[in-house]
$ cat query-v9.pdb   # PDB, C-alpha atoms
ATOM      1  CA  MET A 296       4.061   0.307  -8.639
ATOM      2  CA  ALA A 297       0.580   0.566 -10.098
ATOM      3  CA  LEU A 298      -0.782  -2.853 -10.878
ATOM      4  CA  ILE A 299      -2.736  -3.014 -14.140
ATOM      5  CA  ASN A 300      -5.022  -6.025 -14.435
ATOM      6  CA  PRO A 301      -6.110  -6.292 -18.094
ATOM      7  CA  LYS A 302      -8.523  -9.100 -17.301
ATOM      8  CA  LYS A 303     -10.491  -7.216 -14.649
ATOM      9  CA  LYS A 304      -9.832  -3.861 -16.387
ATOM     10  CA  GLU A 305      -8.630  -2.555 -13.076
ATOM     11  CA  VAL A 306      -5.658  -0.539 -11.823
ATOM     12  CA  GLN A 307      -4.522  -0.523  -8.210
ATOM     13  CA  VAL A 308      -2.670   2.657  -7.261
ATOM     14  CA  LYS A 309      -0.769   3.180  -4.003
ATOM     15  CA  LEU A 310      -0.817   6.606  -2.353
ATOM     16  CA  VAL A 311       1.133   7.020   0.875
ATOM     17  CA  TYR A 312       0.612   9.734   3.488
ATOM     18  CA  TYR A 313       4.021  10.488   4.955
ATOM     19  CA  GLY A 314       5.285  12.926   7.552
ATOM     20  CA  PRO A 315       6.514  13.403  11.121
ATOM     21  CA  GLY A 316       4.863  11.720  14.077
ATOM     22  CA  ARG A 317       1.596  13.240  15.287
ATOM     23  CA  GLY A 318       1.421  15.388  12.163
ATOM     24  CA  GLY A 319      -2.081  14.337  11.111
ATOM     25  CA  LYS A 320      -1.599  11.555   8.571
ATOM     26  CA  THR A 321      -4.078   9.191  10.232
ATOM     27  CA  THR A 322      -6.499  12.062  10.849
ATOM     28  CA  ASN A 323      -6.463  12.750   7.106
ATOM     29  CA  LEU A 324      -7.476   9.177   6.357
ATOM     30  CA  GLU A 325     -10.114   9.175   9.083
ATOM     31  CA  HIS A 326     -11.679  12.259   7.533
ATOM     32  CA  ILE A 327     -11.607  10.711   4.060
ATOM     33  CA  TYR A 328     -13.218   7.556   5.436
ATOM     34  CA  ASP A 329     -15.995   9.547   7.154
ATOM     35  CA  LYS A 330     -16.612  11.608   4.033
ATOM     36  CA  PHE A 331     -16.709   8.761   1.503
ATOM     37  CA  GLN A 332     -18.063   5.901   3.590
ATOM     38  CA  ASN A 333     -20.847   5.200   1.147
ATOM     39  CA  ARG A 334     -18.273   4.623  -1.621
ATOM     40  CA  ILE A 335     -15.864   2.533   0.412
ATOM     41  CA  LYS A 336     -16.521  -1.196   0.339
ATOM     42  CA  GLY A 337     -13.970  -2.047   3.000
ATOM     43  CA  LYS A 338     -13.040  -0.205   6.168
ATOM     44  CA  LEU A 339     -10.201   1.897   7.473
ATOM     45  CA  THR A 340      -7.688  -0.568   8.862
ATOM     46  CA  ALA A 341      -5.369   0.857  11.487
ATOM     47  CA  ILE A 342      -2.527  -0.969  13.204
ATOM     48  CA  LYS A 343      -1.907   1.146  16.272
ATOM     49  CA  THR A 344      -0.204   1.115  19.639
ATOM     50  CA  TYR A 345      -2.198   1.264  22.868
ATOM     51  CA  GLY A 346      -1.396   4.962  22.892
ATOM     52  CA  ASP A 347      -3.319   5.297  19.627
ATOM     53  CA  ARG A 348      -0.231   5.992  17.568
ATOM     54  CA  THR A 349       0.293   4.306  14.212
ATOM     55  CA  LEU A 350       2.490   1.274  14.738
ATOM     56  CA  PHE A 351       2.647  -0.223  11.290
ATOM     57  CA  PHE A 352       0.308   1.503   8.843
ATOM     58  CA  ASP A 353      -3.268   2.563   8.201
ATOM     59  CA  PHE A 354      -4.930   1.315   5.056
ATOM     60  CA  LEU A 355      -7.991   2.590   3.180
ATOM     61  CA  PRO A 356      -9.123   1.386  -0.249
ATOM     62  CA  LEU A 357     -11.234   3.765  -2.380
ATOM     63  CA  ASP A 358     -12.593   3.259  -5.879
ATOM     64  CA  ILE A 359     -12.478   6.564  -7.716
ATOM     65  CA  GLY A 360     -14.075   5.674 -11.012
ATOM     66  CA  VAL A 361     -13.054   4.762 -14.530
ATOM     67  CA  VAL A 362     -10.151   6.221 -16.501
ATOM     68  CA  LYS A 363      -9.482   5.085 -20.083
ATOM     69  CA  GLY A 364     -11.781   2.112 -19.504
ATOM     70  CA  TYR A 365      -9.973   0.997 -16.345
ATOM     71  CA  ASN A 366     -11.499   1.031 -12.880
ATOM     72  CA  ILE A 367      -9.057   2.916 -10.636
ATOM     73  CA  LYS A 368      -8.705   1.517  -7.131
ATOM     74  CA  MET A 369      -6.803   3.892  -4.877
ATOM     75  CA  GLN A 370      -5.037   2.299  -1.918
ATOM     76  CA  PHE A 371      -4.297   4.898   0.742
ATOM     77  CA  TYR A 372      -1.636   4.124   3.329
ATOM     78  CA  THR A 373      -0.145   6.093   6.179
ATOM     79  CA  VAL A 374       3.227   5.390   7.725
ATOM     80  CA  PRO A 375       4.170   5.551  11.424
ATOM     81  CA  GLY A 376       5.816   8.923  11.861
ATOM     82  CA  GLN A 377       7.951   8.334  14.939
ATOM     83  CA  VAL A 378      11.676   8.363  14.202
ATOM     84  CA  LYS A 379      12.237   4.794  15.500
ATOM     85  CA  TYR A 380       9.957   3.311  12.828
ATOM     86  CA  LYS A 381      12.212   4.142   9.869
ATOM     87  CA  ALA A 382      12.419   0.523   8.690
ATOM     88  CA  THR A 383       8.634   0.184   8.797
ATOM     89  CA  ARG A 384       8.193   3.360   6.752
ATOM     90  CA  ARG A 385      10.464   1.920   4.097
ATOM     91  CA  LEU A 386       8.369  -1.262   3.948
ATOM     92  CA  VAL A 387       5.153   0.681   3.495
ATOM     93  CA  LEU A 388       6.698   2.831   0.748
ATOM     94  CA  ARG A 389       7.358  -0.208  -1.405
ATOM     95  CA  GLY A 390       5.511   0.146  -4.693
ATOM     96  CA  VAL A 391       4.348   3.698  -3.934
ATOM     97  CA  ASP A 392       2.870   5.652  -6.832
ATOM     98  CA  GLY A 393       2.176   8.989  -5.152
ATOM     99  CA  VAL A 394       2.872  10.716  -1.833
ATOM    100  CA  VAL A 395       1.079  13.230   0.350
ATOM    101  CA  PHE A 396       3.565  14.780   2.767
ATOM    102  CA  VAL A 397       1.695  15.978   5.855
ATOM    103  CA  ALA A 398       3.778  18.635   7.597
ATOM    104  CA  ASP A 399       3.037  19.864  11.106
ATOM    105  CA  SER A 400       2.525  23.634  11.128
ATOM    106  CA  MET A 401       3.420  23.966  14.820
ATOM    107  CA  ALA A 402       6.594  26.067  15.204
ATOM    108  CA  LEU A 403       8.182  23.586  17.591
ATOM    109  CA  ARG A 404       7.848  20.837  14.972
ATOM    110  CA  ARG A 405       9.820  22.700  12.325
ATOM    111  CA  GLN A 406      12.904  20.530  12.494
ATOM    112  CA  MET A 407      10.843  17.309  12.554
ATOM    113  CA  ASN A 408       9.219  18.264   9.253
ATOM    114  CA  ILE A 409      12.605  18.722   7.599
ATOM    115  CA  VAL A 410      13.985  15.481   9.048
ATOM    116  CA  SER A 411      10.901  13.577   7.902
ATOM    117  CA  LEU A 412      11.150  14.958   4.363
ATOM    118  CA  MET A 413      14.803  13.890   4.169
ATOM    119  CA  ASP A 414      13.748  10.483   5.475
ATOM    120  CA  LEU A 415      11.167  10.253   2.677
ATOM    121  CA  LYS A 416      13.784  11.158   0.091
ATOM    122  CA  GLU A 417      16.174   8.487   1.399
ATOM    123  CA  ASN A 418      13.526   5.785   1.623
ATOM    124  CA  LEU A 419      12.281   6.505  -1.901
ATOM    125  CA  ALA A 420      15.855   6.246  -3.159
ATOM    126  CA  THR A 421      16.143   2.698  -1.772
ATOM    127  CA  PHE A 422      13.451   1.790  -4.325
ATOM    128  CA  ASP A 423      15.132   3.841  -7.073
ATOM    129  CA  LYS A 424      12.438   6.476  -6.843
ATOM    130  CA  ASP A 425      13.207  10.168  -7.030
ATOM    131  CA  ILE A 426      11.374  12.576  -4.739
ATOM    132  CA  PHE A 427      11.569  15.165  -7.510
ATOM    133  CA  LYS A 428       9.781  12.910  -9.990
ATOM    134  CA  ILE A 429       7.176  11.043  -7.946
ATOM    135  CA  PRO A 430       3.665  12.611  -7.820
ATOM    136  CA  LEU A 431       3.848  14.603  -4.572
ATOM    137  CA  VAL A 432       1.570  16.999  -2.702
ATOM    138  CA  LEU A 433       2.487  18.856   0.480
ATOM    139  CA  GLN A 434      -0.063  19.556   3.182
ATOM    140  CA  TYR A 435       0.634  22.123   5.913
ATOM    141  CA  ASN A 436      -1.636  20.737   8.606
ATOM    142  CA  LYS A 437      -2.964  22.044  11.921
ATOM    143  CA  ARG A 438      -3.689  25.564  10.697
ATOM    144  CA  ASP A 439      -6.708  25.539  13.045
ATOM    145  CA  LEU A 440      -4.374  25.810  16.051
ATOM    146  CA  GLU A 441      -3.685  29.469  15.258
ATOM    147  CA  LYS A 442      -7.048  30.392  16.778
ATOM    148  CA  GLU A 443      -5.994  28.695  20.006
ATOM    149  CA  GLY A 444      -2.943  30.899  20.320
ATOM    150  CA  ILE A 445      -0.412  28.226  19.406
ATOM    151  CA  ARG A 446       2.570  29.529  17.492
ATOM    152  CA  LEU A 447       2.533  28.252  13.928
ATOM    153  CA  LEU A 448       5.050  28.446  11.120
ATOM    154  CA  SER A 449       3.973  30.770   8.354
ATOM    155  CA  ASN A 450       3.154  29.419   4.939
ATOM    156  CA  GLU A 451       6.247  31.153   3.607
ATOM    157  CA  THR A 452       8.489  29.435   6.154
ATOM    158  CA  LEU A 453       6.994  26.038   5.394
ATOM    159  CA  GLU A 454       7.381  26.599   1.667
ATOM    160  CA  LYS A 455      10.994  27.681   2.153
ATOM    161  CA  ASP A 456      11.823  24.749   4.450
ATOM    162  CA  LEU A 457      10.111  22.036   2.467
ATOM    163  CA  ASN A 458       9.145  23.129  -1.004
ATOM    164  CA  GLN A 459      11.787  25.502  -2.298
ATOM    165  CA  GLU A 460      13.337  22.883  -4.574
ATOM    166  CA  LEU A 461      10.459  20.428  -4.915
ATOM    167  CA  LYS A 462       7.944  23.037  -6.107
ATOM    168  CA  ALA A 463       5.107  20.590  -5.416
ATOM    169  CA  PRO A 464       1.473  21.690  -5.016
ATOM    170  CA  SER A 465       0.763  22.550  -1.383
ATOM    171  CA  PHE A 466      -2.311  23.100   0.761
ATOM    172  CA  ALA A 467      -2.781  24.775   4.116
ATOM    173  CA  ALA A 468      -5.120  22.441   5.960
ATOM    174  CA  SER A 469      -6.716  21.248   9.130
ATOM    175  CA  ALA A 470      -7.233  17.475   9.099
ATOM    176  CA  LEU A 471      -9.107  17.713  12.395
ATOM    177  CA  LYS A 472     -11.621  20.192  11.000
ATOM    178  CA  GLY A 473     -11.590  18.631   7.536
ATOM    179  CA  HIS A 474     -10.312  21.779   5.844
ATOM    180  CA  ASN A 475      -8.507  21.029   2.549
ATOM    181  CA  VAL A 476      -8.241  17.302   3.336
ATOM    182  CA  VAL A 477     -10.302  16.255   0.321
ATOM    183  CA  GLU A 478      -8.636  18.912  -1.835
ATOM    184  CA  THR A 479      -5.211  17.524  -0.918
ATOM    185  CA  MET A 480      -6.380  14.009  -1.686
ATOM    186  CA  LYS A 481      -7.906  15.025  -5.035
ATOM    187  CA  LYS A 482      -4.741  16.792  -6.141
ATOM    188  CA  ALA A 483      -2.622  13.797  -5.189
ATOM    189  CA  ILE A 484      -4.959  11.458  -7.058
ATOM    190  CA  SER A 485      -5.019  13.648 -10.163
ATOM    191  CA  LEU A 486      -1.217  13.891 -10.298
ATOM    192  CA  THR A 487      -0.837  10.153  -9.741
ATOM    193  CA  VAL A 488      -3.471   9.121 -12.264
ATOM    194  CA  ALA A 489      -2.104  11.589 -14.843
ATOM    195  CA  SER A 490       1.234   9.797 -14.691
ATOM    196  CA  LEU A 491      -0.620   6.554 -15.343
ATOM    197  CA  GLN A 492      -2.704   7.644 -18.325
ATOM    198  CA  GLU A 493      -0.083   7.132 -20.951
ATOM    199  CA  LYS A 494       0.386   3.531 -19.926
ATOM    200  CA  LEU A 495      -3.354   2.896 -19.950
ATOM    201  CA  GLU A 496      -3.575   4.290 -23.479
ATOM    202  CA  LEU A 497      -0.866   1.895 -24.629
ATOM    203  CA  LYS A 498      -2.698  -1.026 -23.037
ATOM    204  CA  GLY A 499      -5.858  -0.044 -24.871
TER
ATOM    205  CA  MET B  87       5.240   5.385 -11.990
ATOM    206  CA  ASP B  88       6.770   1.905 -12.359
ATOM    207  CA  TYR B  89       5.056  -1.134 -13.787
ATOM    208  CA  THR B  90       7.440  -3.909 -12.887
ATOM    209  CA  ILE B  91       4.791  -6.649 -12.899
ATOM    210  CA  GLU B  92       2.993  -6.917 -16.210
ATOM    211  CA  LEU B  93       0.783  -9.847 -16.966
ATOM    212  CA  ASP B  94      -1.532 -10.106 -19.953
ATOM    213  CA  GLU B  95      -4.957 -11.746 -19.954
ATOM    214  CA  ASN B  96      -3.608 -15.031 -21.241
ATOM    215  CA  GLN B  97      -1.008 -15.246 -18.468
ATOM    216  CA  LEU B  98      -3.615 -14.367 -15.849
ATOM    217  CA  ASP B  99      -5.901 -17.081 -17.211
ATOM    218  CA  ILE B 100      -3.098 -19.640 -17.002
ATOM    219  CA  ILE B 101      -2.225 -18.656 -13.454
ATOM    220  CA  GLU B 102      -5.859 -18.808 -12.372
ATOM    221  CA  LYS B 103      -6.199 -22.272 -13.898
ATOM    222  CA  ILE B 104      -3.116 -23.505 -12.049
ATOM    223  CA  LEU B 105      -4.268 -22.090  -8.741
ATOM    224  CA  VAL B 106      -7.759 -23.562  -9.119
ATOM    225  CA  GLU B 107      -6.411 -27.010  -9.990
ATOM    226  CA  GLU B 108      -3.655 -27.157  -7.406
ATOM    227  CA  LEU B 109      -5.236 -25.292  -4.528
ATOM    228  CA  VAL B 110      -8.935 -24.494  -4.725
ATOM    229  CA  HIS B 111      -9.678 -28.106  -5.743
ATOM    230  CA  ILE B 112      -7.928 -29.478  -2.651
ATOM    231  CA  GLY B 113     -10.150 -27.388  -0.414
ATOM    232  CA  VAL B 114      -8.339 -24.070   0.037
ATOM    233  CA  ASN B 115     -11.050 -21.498   0.581
ATOM    234  CA  THR B 116      -9.175 -18.357  -0.591
ATOM    235  CA  VAL B 117      -6.090 -18.001  -2.786
ATOM    236  CA  LEU B 118      -4.429 -14.656  -3.378
ATOM    237  CA  LEU B 119      -1.485 -13.902  -5.603
ATOM    238  CA  ILE B 120      -0.235 -10.468  -4.550
ATOM    239  CA  ASP B 121       2.768  -8.240  -5.065
ATOM    240  CA  LEU B 122       4.886  -6.963  -2.216
ATOM    241  CA  ALA B 123       3.329  -3.514  -2.529
ATOM    242  CA  GLY B 124       0.069  -5.100  -1.370
ATOM    243  CA  ASN B 125      -1.714  -5.193  -4.735
ATOM    244  CA  VAL B 126      -3.930  -8.136  -5.670
ATOM    245  CA  VAL B 127      -2.823  -9.844  -8.899
ATOM    246  CA  VAL B 128      -5.160 -12.837  -8.808
ATOM    247  CA  ASN B 129      -7.845 -13.755  -6.279
ATOM    248  CA  LEU B 130      -9.852 -16.953  -6.172
ATOM    249  CA  ASP B 131     -12.143 -18.529  -3.634
ATOM    250  CA  ASP B 132     -14.333 -21.581  -3.140
ATOM    251  CA  GLY B 133     -17.525 -19.654  -3.783
ATOM    252  CA  LYS B 134     -18.565 -19.852  -0.124
ATOM    253  CA  THR B 135     -16.061 -17.461   1.416
ATOM    254  CA  GLN B 136     -15.908 -13.714   1.086
ATOM    255  CA  HIS B 137     -13.012 -11.872   2.671
ATOM    256  CA  ASP B 138     -11.967  -8.248   2.236
ATOM    257  CA  ILE B 139      -9.193  -9.275  -0.131
ATOM    258  CA  TYR B 140      -7.718  -5.818  -0.672
ATOM    259  CA  THR B 141      -7.189  -5.238   3.041
ATOM    260  CA  LEU B 142      -5.968  -8.811   3.440
ATOM    261  CA  ALA B 143      -3.442  -8.260   0.653
ATOM    262  CA  ALA B 144      -2.174  -4.995   2.186
ATOM    263  CA  LEU B 145      -1.747  -6.624   5.587
ATOM    264  CA  ALA B 146      -0.202  -9.772   4.136
ATOM    265  CA  ALA B 147       2.404  -7.783   2.201
ATOM    266  CA  GLY B 148       3.204  -5.738   5.295
ATOM    267  CA  ASN B 149       3.392  -8.856   7.423
ATOM    268  CA  PHE B 150       5.656 -10.655   4.981
ATOM    269  CA  GLY B 151       7.867  -7.613   4.600
ATOM    270  CA  ALA B 152       8.230  -7.218   8.358
ATOM    271  CA  VAL B 153       9.002 -10.917   8.865
ATOM    272  CA  SER B 154      11.620 -10.817   6.088
ATOM    273  CA  GLU B 155      13.356  -7.907   7.803
ATOM    274  CA  MET B 156      13.294  -9.803  11.118
ATOM    275  CA  ALA B 157      14.900 -12.789   9.368
ATOM    276  CA  LYS B 158      17.742 -10.587   8.115
ATOM    277  CA  ILE B 159      18.317  -9.157  11.597
ATOM    278  CA  ILE B 160      18.876 -12.634  13.005
ATOM    279  CA  GLY B 161      21.136 -13.598  10.118
ATOM    280  CA  GLU B 162      18.664 -15.609   8.071
ATOM    281  CA  GLU B 163      18.025 -15.057   4.368
ATOM    282  CA  ASP B 164      14.348 -15.816   4.894
ATOM    283  CA  PHE B 165      12.096 -18.128   6.875
ATOM    284  CA  ALA B 166      11.116 -21.378   5.151
ATOM    285  CA  LEU B 167       7.641 -21.362   6.657
ATOM    286  CA  LEU B 168       5.308 -18.455   7.315
ATOM    287  CA  PHE B 169       2.024 -19.722   8.597
ATOM    288  CA  HIS B 170      -0.571 -18.488  11.073
ATOM    289  CA  LYS B 171      -2.786 -21.093  12.668
ATOM    290  CA  GLY B 172      -6.333 -20.169  13.592
ATOM    291  CA  GLU B 173      -8.992 -22.095  15.410
ATOM    292  CA  LYS B 174     -11.070 -22.597  12.296
ATOM    293  CA  ASP B 175      -9.018 -21.180   9.407
ATOM    294  CA  SER B 176      -5.294 -20.652   8.896
ATOM    295  CA  ILE B 177      -3.144 -18.589   6.520
ATOM    296  CA  HIS B 178      -0.051 -19.745   4.666
ATOM    297  CA  PHE B 179       2.366 -17.438   2.828
ATOM    298  CA  SER B 180       4.817 -18.400   0.080
ATOM    299  CA  LYS B 181       7.184 -16.336  -1.960
ATOM    300  CA  VAL B 182       6.712 -16.952  -5.696
ATOM    301  CA  THR B 183       9.290 -14.477  -6.999
ATOM    302  CA  ASP B 184      11.074 -11.494  -5.461
ATOM    303  CA  ASP B 185       7.914  -9.474  -6.041
ATOM    304  CA  LEU B 186       5.076 -11.948  -5.736
ATOM    305  CA  LEU B 187       3.503 -13.746  -2.793
ATOM    306  CA  LEU B 188       0.990 -16.552  -2.721
ATOM    307  CA  ILE B 189      -1.452 -16.475   0.191
ATOM    308  CA  ASN B 190      -3.688 -19.395   1.033
ATOM    309  CA  VAL B 191      -6.530 -19.347   3.550
ATOM    310  CA  PHE B 192      -7.645 -22.840   4.440
ATOM    311  CA  GLY B 193      -9.610 -24.790   7.011
ATOM    312  CA  LYS B 194      -8.908 -27.869   9.102
ATOM    313  CA  GLU B 195      -9.814 -30.266   6.315
ATOM    314  CA  VAL B 196      -6.609 -29.335   4.459
ATOM    315  CA  SER B 197      -3.371 -30.494   6.060
ATOM    316  CA  LEU B 198      -0.490 -28.044   6.122
ATOM    317  CA  GLY B 199       1.935 -30.586   4.725
ATOM    318  CA  PHE B 200      -0.271 -31.356   1.743
ATOM    319  CA  LEU B 201      -0.881 -27.669   1.167
ATOM    320  CA  ARG B 202       2.847 -26.937   1.122
ATOM    321  CA  LEU B 203       3.344 -29.652  -1.449
ATOM    322  CA  LYS B 204       0.606 -28.303  -3.697
ATOM    323  CA  VAL B 205       1.845 -24.730  -3.250
ATOM    324  CA  ALA B 206       5.320 -25.789  -4.376
ATOM    325  CA  GLU B 207       3.819 -27.461  -7.446
ATOM    326  CA  ALA B 208       1.711 -24.426  -8.256
ATOM    327  CA  ILE B 209       4.713 -22.105  -7.973
ATOM    328  CA  THR B 210       6.809 -24.342 -10.244
ATOM    329  CA  LYS B 211       4.046 -24.431 -12.861
ATOM    330  CA  ILE B 212       3.534 -20.676 -12.727
ATOM    331  CA  LYS B 213       7.230 -20.104 -13.269
ATOM    332  CA  GLU B 214       7.458 -22.709 -16.063
ATOM    333  CA  LEU B 215       4.432 -21.597 -18.010
ATOM    334  CA  THR B 216       5.081 -17.898 -17.902
ATOM    335  CA  GLY B 217       8.852 -18.055 -18.161
ATOM    336  CA  PHE B 218       9.393 -15.787 -15.236
ATOM    337  CA  VAL B 219       6.652 -13.875 -13.524
ATOM    338  CA  GLY B 220       7.843 -10.392 -12.679
ATOM    339  CA  PRO B 221      11.240  -8.713 -13.162
TER
END

$ encode --input "query-v9.pdb" --output "structure tokens"
Amino acid sequence: MALINPKKKEVQVKLVYYGPGRGGKTTNLEHIYDKFQNRIKGKLTAIKTYGDRTLFFDFLPLDIGVVKGYNIKMQFYTVPGQVKYKATRRLVLRGVDGVVFVADSMALRRQMNIVSLMDLKENLATFDKDIFKIPLVLQYNKRDLEKEGIRLLSNETLEKDLNQELKAPSFAASALKGHNVVETMKKAISLTVASLQEKLELKG
Amino acid sequence: MDYTIELDENQLDIIEKILVEELVHIGVNTVLLIDLAGNVVVNLDDGKTQHDIYTLAALAAGNFGAVSEMAKIIGEEDFALLFHKGEKDSIHFSKVTDDLLLINVFGKEVSLGFLRLKVAEAITKIKELTGFVGP
């Protein structure tokens, strides 16, 4: 949950990048870190395995400016995508305010995307959060692989598999090339902060 | 978006005062009151130390959450002591409420036993003065 500190005039907002293993969640954060380094006081913290896979979570804090007199501090997290880390993903989702779901556009990952989205829905429900109500953006990552002759799912297929009921904003992207990474992030931030504005107005 | 922890300026002032008196004054170099989502509610230090408190809070919440799950797996409700000993500085974790954690970073000049006593007093005072902190 967003933490409003009336003394510091500061709001901490938690945005989690979710999705199947090797889908590009960490690559998204790495790109954001490279792009906004001059605005990031801390560093990108990554708890990884020796095989460079996310073990616990990645964390990146980013100040995005002032809204209604409050300094908004975004806290970006990624979760470990591998199926065996379900319990860890639930831990990281605690207090989430917004989600970016990073889907893998590779055709052979189709089922993993669907399983991961169901996993997100279940884990949100353990915190009484509804996937249909939480600020959510979908990213269809790895579109750059098309040029290398790798079979990708079409946008239509991804929308049908993942977004038919959710009707969330979605972006075709390449986290590796940096295409639509910032756009995804900005949309997620704007949806999340919009849901916060009413509360900030009441606080005054 | 949920806002299950809401503290006004007066409550934050009271909590800061308690933490300064009970902990910073005995030599603790950093005190963090955080929620289990990894957000920083209150942060205080001795004026000489500067840690990346936001990253520390995120990691501390994750750490505490993971350890709590491990406790449940082995049939424990929770562990009474969560403490990491360093060569120079150490970290002590305490649960304040179901949603709040108190983190203390301290050096060798502060004994763990004394710290635990003062932490317990601080937690009692926080709960008394604010009624109940959190949901």

$ axis_aligned_box --input "query-v9.pdb" --around "segment 135-148 of chain B" --padding-each-side "5 Å" --output "JSON"
{"center_x": -6.4, "center_y": -11.2, "center_z": 2.5, "size_x": 29.3, "size_y": 22.5, "size_z": 16.3}

$ interface_residues --input "query-v9.pdb" --of "chain A" --to "chain B" --cutoff "7 Å" --atoms "all atoms listed in the file" --output "list in words"
Met296, Ala297, Leu298, Pro301, Lys302, Gln307, Gly337, Leu386, Val387, Arg389, Gly390, Asp392, Ser490 and Leu491 of chain A

$ resolve_selection --input "query-v9.pdb" --expression "the PyMOL selection byres ((chain A and resi 356) around 10)" --output "JSON, numbers by chain"
{"A": [307, 308, 309, 328, 334, 335, 336, 337, 338, 339, 340, 354, 355, 357, 358, 359, 368, 369, 370, 371, 372], "B": [140, 141, 144]}

$ atom_distance --input "query-v9.pdb" --atom1 "atom CA of Asn323 of chain A" --atom2 "atom CA of Val476 of chain A"
6.2 Å

$ residues_around --input "query-v9.pdb" --residues "Leu168 of chain B" --least-positions-apart "2" --cutoff "9 Å" --atoms "all atoms listed in the file" --output "JSON, numbers by chain"
{"B": [150, 153, 165, 166, 170, 177, 178, 179, 180]}
